[in-house]
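J.: Would you mind keeping the following structure in view while I ask a few things?
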Amino acid sequence: MARVSSDHEHFSSRWTFILAAVGSAVGLGNIWKFPYEAGQGGGGAFVLVYLGFVFLIGVPVMIGELAIGRRGQSSPPIAVANLAFEEGRSVFWSILGWMGVLGAFLVLSFYSVIAGWTLDYIFKTVIGVTGQVTAETSGEVFGGLLASWERMAAWHFLFIAMTVFIIARGVTSGIEQAVTYLMPALFVLLIILVAYALVAGEARQAMLFLFQPDFSKLTPNVVIQALGQAFFSLSLGLGAVMIYGSYLPKSVSIPRSAVIIGAADTVVALLAGLAIFPLVFAYNLDVGSGPGLIFETLPIAFAQMPGGSIFGFLFFTLLTVAAITSSISMMEPMVSYLQERHYVKRVKAAIGVGIAAFVFGLGTVFSFNIWADVKLFDRTFFDTLDFVTNNLLMPLGGLLVALFVGWAMRFASVREELSSVSDGFFARIYGLLSVVCPIALVLVFLNVAGLLSFG
Ligand code: TRP
């Protein structure tokens, strides 16, 4: 039996856990990244491959990660060490937990900078800047933000401060309270935006683009991109899911929760696509414009449509809300580790991690301006962080989760943790986790290695 330490907090219900976990999953990944990656990856084919990865690889890894967290009842490094000990395995497995704490911190440092852009765009819609942009000036407006490190650093600071504020209050009064209000708000905003876009934009063209696969667009690169995106979007492999798992009451079914979380995350990504692409098509904008899609491209549509400034305001508010319910899950692993292992008070731990993430995040801020020419293997500081977390740490974390649960843990322990489902369902999860996931993830690594050496 896994021990339950008395000072380890727990979510108060299955529902608040689901909200928090969906909150972690739904973020910039769904609304900023997914649409532009789908746009660059040719639409439908990317979406289809992505869906396959979410359910065949993402959900099983999520089940494994939640199971480790709940059985280990601690912050990721200690949770994994506890379990390894219990299962008679090497303590070296705890590297999985360490990678998580470190990786989630790295993601937080740059995630906050991009979330800062969304804050800047809320501000821009309020003061009316976005009401005047045109196809010619929108790039300059976005470029102006990227060129000003002071401005980016200020928003980055504000975003980290909001994250610290929530995390400092703890699991039930911080994380739970926040998601209880923010998640319904997010859902309502999203529905309004989708309804508007479908009515006012080119709904048919957007649907065809997203749902009609053109397999000639599938390259190995697009496939890897889709897997990376599935991991990022589900917050996998970096301890965020694991720490929420450790706060999960014993009575909640892990496999069912994971399926719900995976489905909700996917629905939001597709809805985000349906909020964005009808407008992109209606105003003849470029679907493949990349990371600038929602900051550079979409405002052109907002400026032209009736009521566009309200629509723009709602859109960037939605994005900020989604980002904050994600960033808290990136800060939590390290904060809980400091608190449980080093007896640092939660408030102090949150402020300390916040300061560190802010300072480290300045590297990302500078990547867009004063350090734009500082490159390692042809990548800026930000590109390097993005690559290391998305293409190395997350898939590696996923691989280790799959190997740990599928091979290092005793079958009986895994079955006990996942006892809520039938033998048939369990057999499928176990097969995916122990055989399919490791093979798929190793293939991805071979490819990433190939990309590394061939540029
Ligand atoms: N899933 C979030 C998104 O889609 C990002 C995220 C939240 C994340 N927590 C994480 C990514 C932990 C990696 C690790 O925006």
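Please note that chains go A, B, ... in the order of the structure tokens, that every chain numbers its residues from 1, and that ligands are numbered from 1 in the order shown.
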Taking only C-alpha atoms and all ligand atoms into account, list the residues no farther than 6 Å from ligand 1, as a list of chain:residue names.

T.: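 Counting only what the definition allows, namely only C-alpha atoms and all ligand atoms, the set is A:Ser24, A:Ala25, A:Val26, A:Gly27, A:Leu28, A:Gly29, A:Asn30, A:Ala104, A:Phe232, A:Ser233, A:Leu234, A:Ser235, A:Leu236, A:Leu238, A:Ala240, A:Ser326, A:Ser327, A:Ser329, A:Met330.
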
J.: Skip range 179-181 of chain A itself and residues of its chain fewer than 4 positions away, then list as a short mmCIF file (atom, residue, chain, number, x, y, z; two decimals) with all heavy atoms, in the first residue's frame all residues within 9 Å of it, counting only C-alpha atoms.

T.:
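Done, and the output landed in out-v6.cif:
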data_model
loop_
_atom_site.label_atom_id
_atom_site.label_comp_id
_atom_site.auth_asym_id
_atom_site.auth_seq_id
_atom_site.Cartn_x
_atom_site.Cartn_y
_atom_site.Cartn_z
N THR A 16 -13.37 18.88 -8.92
CA THR A 16 -12.34 19.92 -8.89
C THR A 16 -11.02 19.39 -9.46
O THR A 16 -10.27 20.12 -10.09
CB THR A 16 -12.11 20.50 -7.48
OG1 THR A 16 -11.87 19.43 -6.58
CG2 THR A 16 -13.29 21.32 -7.02
N LEU A 19 -11.39 19.62 -13.19
CA LEU A 19 -11.26 21.01 -13.61
C LEU A 19 -9.79 21.44 -13.60
O LEU A 19 -9.31 22.08 -14.54
CB LEU A 19 -12.03 21.94 -12.66
CG LEU A 19 -13.52 22.07 -12.87
CD1 LEU A 19 -14.08 23.10 -11.90
CD2 LEU A 19 -13.84 22.48 -14.31
N ALA A 20 -9.09 21.09 -12.54
CA ALA A 20 -7.68 21.50 -12.45
C ALA A 20 -6.86 20.82 -13.53
O ALA A 20 -6.00 21.46 -14.16
CB ALA A 20 -7.13 21.15 -11.06
N GLY A 23 -7.69 22.24 -16.75
CA GLY A 23 -7.09 23.58 -16.74
C GLY A 23 -5.62 23.54 -17.09
O GLY A 23 -5.11 24.38 -17.83
N GLY A 174 -5.97 27.70 -3.35
CA GLY A 174 -5.37 28.39 -4.49
C GLY A 174 -5.80 27.76 -5.81
O GLY A 174 -6.63 28.31 -6.54
N ILE A 175 -5.26 26.58 -6.10
CA ILE A 175 -5.51 25.95 -7.39
C ILE A 175 -7.01 25.67 -7.61
O ILE A 175 -7.58 26.04 -8.63
CB ILE A 175 -4.69 24.64 -7.52
CG1 ILE A 175 -3.18 24.94 -7.43
CG2 ILE A 175 -5.02 23.92 -8.82
CD1 ILE A 175 -2.28 23.73 -7.49
N ALA A 185 -15.51 30.20 -17.00
CA ALA A 185 -15.37 31.44 -17.76
C ALA A 185 -14.74 31.16 -19.12
O ALA A 185 -15.19 31.65 -20.16
CB ALA A 185 -14.51 32.44 -16.98
N LEU A 186 -13.72 30.32 -19.09
CA LEU A 186 -13.03 29.97 -20.32
C LEU A 186 -13.98 29.30 -21.31
O LEU A 186 -14.00 29.61 -22.50
CB LEU A 186 -11.88 29.03 -19.96
CG LEU A 186 -10.94 28.56 -21.05
CD1 LEU A 186 -9.53 28.60 -20.50
CD2 LEU A 186 -11.23 27.14 -21.49
N THR A 325 -4.29 28.83 -15.85
CA THR A 325 -4.63 27.53 -15.24
C THR A 325 -3.62 26.46 -15.67
O THR A 325 -3.59 25.38 -15.11
CB THR A 325 -6.06 27.07 -15.62
OG1 THR A 325 -6.17 27.01 -17.03
CG2 THR A 325 -7.11 28.02 -15.06
#

J.: If we count only C-alpha atoms, what is near Val267 in chain A at a cut-off of 12 Å, once residues fewer than 2 positions away on the same chain are taken out, given as a PyMOL selection string?

T.: chain A and resi 22+25-26+30-31+34+47+51+54+187+190-191+233+260-265+269-274

J.: Taking C-alpha atoms for each residue, export the selection above as an mmCIF file, in the first residue's frame.

T.:
data_model
loop_
_atom_site.group_PDB
_atom_site.id
_atom_site.type_symbol
_atom_site.label_atom_id
_atom_site.label_comp_id
_atom_site.auth_asym_id
_atom_site.auth_seq_id
_atom_site.Cartn_x
_atom_site.Cartn_y
_atom_site.Cartn_z
ATOM 1 C CA VAL A 22 -8.277 20.107 -17.749
ATOM 2 C CA ALA A 25 -4.043 20.707 -20.228
ATOM 3 C CA VAL A 26 -5.959 23.527 -21.878
ATOM 4 C CA ASN A 30 -4.525 24.538 -27.539
ATOM 5 C CA ILE A 31 -5.301 28.067 -28.602
ATOM 6 C CA PHE A 34 -2.434 23.900 -32.094
ATOM 7 C CA VAL A 47 -5.321 16.900 -36.944
ATOM 8 C CA LEU A 51 -5.967 12.738 -32.475
ATOM 9 C CA VAL A 54 -3.663 11.879 -27.981
ATOM 10 C CA PHE A 187 -15.685 27.667 -21.628
ATOM 11 C CA LEU A 190 -14.772 29.972 -26.145
ATOM 12 C CA ILE A 191 -18.349 29.156 -27.090
ATOM 13 C CA SER A 233 -1.086 19.945 -24.851
ATOM 14 C CA ILE A 260 -12.209 12.823 -19.932
ATOM 15 C CA ILE A 261 -9.182 15.116 -19.704
ATOM 16 C CA GLY A 262 -7.840 13.962 -23.074
ATOM 17 C CA ALA A 263 -11.221 14.416 -24.706
ATOM 18 C CA ALA A 264 -11.816 17.851 -23.166
ATOM 19 C CA ASP A 265 -8.365 19.033 -24.219
ATOM 20 C CA ALA A 269 -8.115 22.580 -29.418
ATOM 21 C CA LEU A 270 -10.631 21.875 -32.193
ATOM 22 C CA LEU A 271 -12.934 24.630 -30.955
ATOM 23 C CA ALA A 272 -10.002 27.026 -30.943
ATOM 24 C CA GLY A 273 -9.421 26.025 -34.558
ATOM 25 C CA LEU A 274 -13.080 26.736 -35.278
#

J.: Could you tell me how far CA of Ala449 in chain A sits from CA of Pro213 in chain A, in Å to one decimal place?

T.: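 Spanning CA of Pro213 in chain A to CA of Ala449 in chain A is a straight-line distance of 27.9 Å.
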
J.: List the spatial neighbours of Ala301 in chain A as a PyMOL selection string - criterion: any atom at most 10 Å away, only C-alpha atoms, same-chain residues fewer than 4 positions off excluded.

T.: chain A and resi 130-131+133-135+201+276+279-285+296-297+305-306+308+312

J.: Residues as selected, C-alpha atoms, written as a PDB file, in the first residue's frame, can you do that?

T.:
ATOM      1  CA  THR A 130      -5.754  46.628 -32.567  1.00  0.00           C
ATOM      2  CA  GLY A 131      -8.780  48.457 -33.966  1.00  0.00           C
ATOM      3  CA  VAL A 133      -4.170  47.441 -37.634  1.00  0.00           C
ATOM      4  CA  THR A 134      -4.128  46.394 -41.257  1.00  0.00           C
ATOM      5  CA  ALA A 135      -2.384  43.617 -43.091  1.00  0.00           C
ATOM      6  CA  GLY A 201     -16.556  33.757 -41.042  1.00  0.00           C
ATOM      7  CA  ILE A 276      -9.759  31.093 -35.640  1.00  0.00           C
ATOM      8  CA  LEU A 279     -11.848  34.330 -39.756  1.00  0.00           C
ATOM      9  CA  VAL A 280      -8.502  33.540 -41.305  1.00  0.00           C
ATOM     10  CA  PHE A 281     -10.313  32.338 -44.437  1.00  0.00           C
ATOM     11  CA  ALA A 282     -12.924  35.077 -44.431  1.00  0.00           C
ATOM     12  CA  TYR A 283     -10.239  37.771 -44.445  1.00  0.00           C
ATOM     13  CA  ASN A 284      -7.899  35.909 -46.791  1.00  0.00           C
ATOM     14  CA  LEU A 285      -5.123  35.597 -44.267  1.00  0.00           C
ATOM     15  CA  GLU A 296      -0.202  39.058 -36.096  1.00  0.00           C
ATOM     16  CA  THR A 297      -2.807  37.504 -38.345  1.00  0.00           C
ATOM     17  CA  MET A 305     -15.062  43.001 -38.476  1.00  0.00           C
ATOM     18  CA  PRO A 306     -17.910  44.799 -36.729  1.00  0.00           C
ATOM     19  CA  GLY A 308     -13.961  43.313 -33.546  1.00  0.00           C
ATOM     20  CA  GLY A 312     -10.404  40.644 -29.744  1.00  0.00           C
TER      21      GLY A 312
END

J.: Taking only C-alpha atoms into account, which of A:Arg204, A:Lys250, A:Lys33, A:Lys124 comes nearest Ser12 in chain A?

T.: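 Checking each of A:Arg204, A:Lys250, A:Lys33, A:Lys124 against Ser12 in chain A, counting only C-alpha atoms, the winner is A:Lys250.
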
J.: With distances taken over only C-alpha atoms, which residue among A:Trp407, A:Tyr36, A:Phe368, A:Phe92 lies nearest Gly64 in chain A?

T.: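 Of A:Trp407, A:Tyr36, A:Phe368, A:Phe92, the one nearest Gly64 in chain A, counting only C-alpha atoms, is A:Trp407.
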
J.: Give me, as a count of residues only, all polymer residues having an atom no more than 12 Å from Val129 in chain A, counting only C-alpha atoms and skipping those fewer than 3 positions away in the same chain.

T.: 23

J.: With only C-alpha atoms as the atoms that count, which of A:Phe311, A:Trp32, A:Tyr430, A:Tyr247 lies nearest to Arg71 in chain A?

T.: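 Answer, going by the shortest atom-to-atom distance: A:Tyr247.
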
J.: Show me, as CSV, the residues of range 160-267 of chain A having an atom within 10 Å of range 333-344 of chain A, each with the closest atom pair and its distance in Å, using only C-alpha atoms.

T.:
residue,atom,partner,partner_atom,distance
A:Val164,CA,A:Val335,CA,9.9
A:Ile167,CA,A:Val335,CA,8.2
A:Ala168,CA,A:Val335,CA,8.9
A:Gly170,CA,A:Ser336,CA,9.4
A:Val171,CA,A:Ser336,CA,9.9
A:Leu238,CA,A:Pro333,CA,8.8
A:Gly239,CA,A:Pro333,CA,6.3
A:Ala240,CA,A:Pro333,CA,6.2
A:Val241,CA,A:Pro333,CA,9.3
A:Met242,CA,A:Pro333,CA,8.4
A:Ile243,CA,A:Pro333,CA,6.0
A:Tyr244,CA,A:Pro333,CA,8.9

J.: Could those selected residues go to a file with N, CA, C and O atoms, as a PDB file, in the first residue's frame?

T.:
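Once written, selection06.pdb looks like this:
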ATOM      1  N   VAL A 164       2.241  33.040  -9.035  1.00  0.00           N
ATOM      2  CA  VAL A 164       2.733  32.916  -7.659  1.00  0.00           C
ATOM      3  C   VAL A 164       1.585  33.126  -6.674  1.00  0.00           C
ATOM      4  O   VAL A 164       1.436  32.388  -5.705  1.00  0.00           O
ATOM      5  N   ILE A 167      -0.502  29.945  -6.520  1.00  0.00           N
ATOM      6  CA  ILE A 167       0.225  28.799  -5.964  1.00  0.00           C
ATOM      7  C   ILE A 167       0.525  28.990  -4.473  1.00  0.00           C
ATOM      8  O   ILE A 167       0.476  28.038  -3.688  1.00  0.00           O
ATOM      9  N   ALA A 168       0.794  30.233  -4.088  1.00  0.00           N
ATOM     10  CA  ALA A 168       1.112  30.495  -2.684  1.00  0.00           C
ATOM     11  C   ALA A 168      -0.046  30.111  -1.766  1.00  0.00           C
ATOM     12  O   ALA A 168       0.148  29.775  -0.608  1.00  0.00           O
ATOM     13  N   GLY A 170      -1.968  27.513  -2.036  1.00  0.00           N
ATOM     14  CA  GLY A 170      -2.089  26.074  -1.810  1.00  0.00           C
ATOM     15  C   GLY A 170      -3.026  25.381  -2.770  1.00  0.00           C
ATOM     16  O   GLY A 170      -3.555  25.997  -3.703  1.00  0.00           O
ATOM     17  N   VAL A 171      -3.232  24.087  -2.533  1.00  0.00           N
ATOM     18  CA  VAL A 171      -3.994  23.283  -3.494  1.00  0.00           C
ATOM     19  C   VAL A 171      -5.484  23.607  -3.441  1.00  0.00           C
ATOM     20  O   VAL A 171      -6.090  23.971  -4.448  1.00  0.00           O
ATOM     21  N   LEU A 238       6.315  15.870 -17.581  1.00  0.00           N
ATOM     22  CA  LEU A 238       7.113  16.802 -16.787  1.00  0.00           C
ATOM     23  C   LEU A 238       6.578  17.007 -15.364  1.00  0.00           C
ATOM     24  O   LEU A 238       6.730  18.073 -14.786  1.00  0.00           O
ATOM     25  N   GLY A 239       5.960  15.989 -14.830  1.00  0.00           N
ATOM     26  CA  GLY A 239       5.615  16.070 -13.414  1.00  0.00           C
ATOM     27  C   GLY A 239       4.359  16.849 -13.079  1.00  0.00           C
ATOM     28  O   GLY A 239       3.888  16.801 -11.940  1.00  0.00           O
ATOM     29  N   ALA A 240       3.794  17.585 -14.051  1.00  0.00           N
ATOM     30  CA  ALA A 240       2.606  18.374 -13.739  1.00  0.00           C
ATOM     31  C   ALA A 240       1.411  17.455 -13.494  1.00  0.00           C
ATOM     32  O   ALA A 240       0.662  17.616 -12.528  1.00  0.00           O
ATOM     33  N   VAL A 241       1.272  16.469 -14.369  1.00  0.00           N
ATOM     34  CA  VAL A 241       0.190  15.501 -14.202  1.00  0.00           C
ATOM     35  C   VAL A 241       0.457  14.650 -12.959  1.00  0.00           C
ATOM     36  O   VAL A 241      -0.450  14.312 -12.194  1.00  0.00           O
ATOM     37  N   MET A 242       1.734  14.352 -12.746  1.00  0.00           N
ATOM     38  CA  MET A 242       2.094  13.522 -11.596  1.00  0.00           C
ATOM     39  C   MET A 242       1.739  14.211 -10.278  1.00  0.00           C
ATOM     40  O   MET A 242       1.195  13.589  -9.362  1.00  0.00           O
ATOM     41  N   ILE A 243       2.033  15.500 -10.195  1.00  0.00           N
ATOM     42  CA  ILE A 243       1.761  16.199  -8.929  1.00  0.00           C
ATOM     43  C   ILE A 243       0.242  16.300  -8.706  1.00  0.00           C
ATOM     44  O   ILE A 243      -0.232  16.104  -7.591  1.00  0.00           O
ATOM     45  N   TYR A 244      -0.509  16.541  -9.783  1.00  0.00           N
ATOM     46  CA  TYR A 244      -1.964  16.567  -9.605  1.00  0.00           C
ATOM     47  C   TYR A 244      -2.467  15.167  -9.227  1.00  0.00           C
ATOM     48  O   TYR A 244      -3.403  15.020  -8.462  1.00  0.00           O
TER      49      TYR A 244
END

J.: Can you pull out the residues contacting Gly245 in chain A? Cut-off 7 Å, using only C-alpha atoms, and skip same-chain residues under 6 positions away; I want them as a PyMOL selection string.

T.: chain A and resi 66-67+69-70

J.: Taking only range 204-450 of chain A into account, list the residues labelled helix (DSSP H, G or I) by DSSP (computed from the backbone), as a PyMOL selection string.

T.: chain A and resi 204-211+215-217+220-233+240-246+254-282+290-304+308-342+346-367+381-408+411-417+423-450

J.: Enter the distance from CA of Pro184 in chain A to CA of Ala38 in chain A, in Å, rounded to one decimal.

T.: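 Atom-to-atom, CA of Pro184 in chain A to CA of Ala38 in chain A, that is 26.0 Å.
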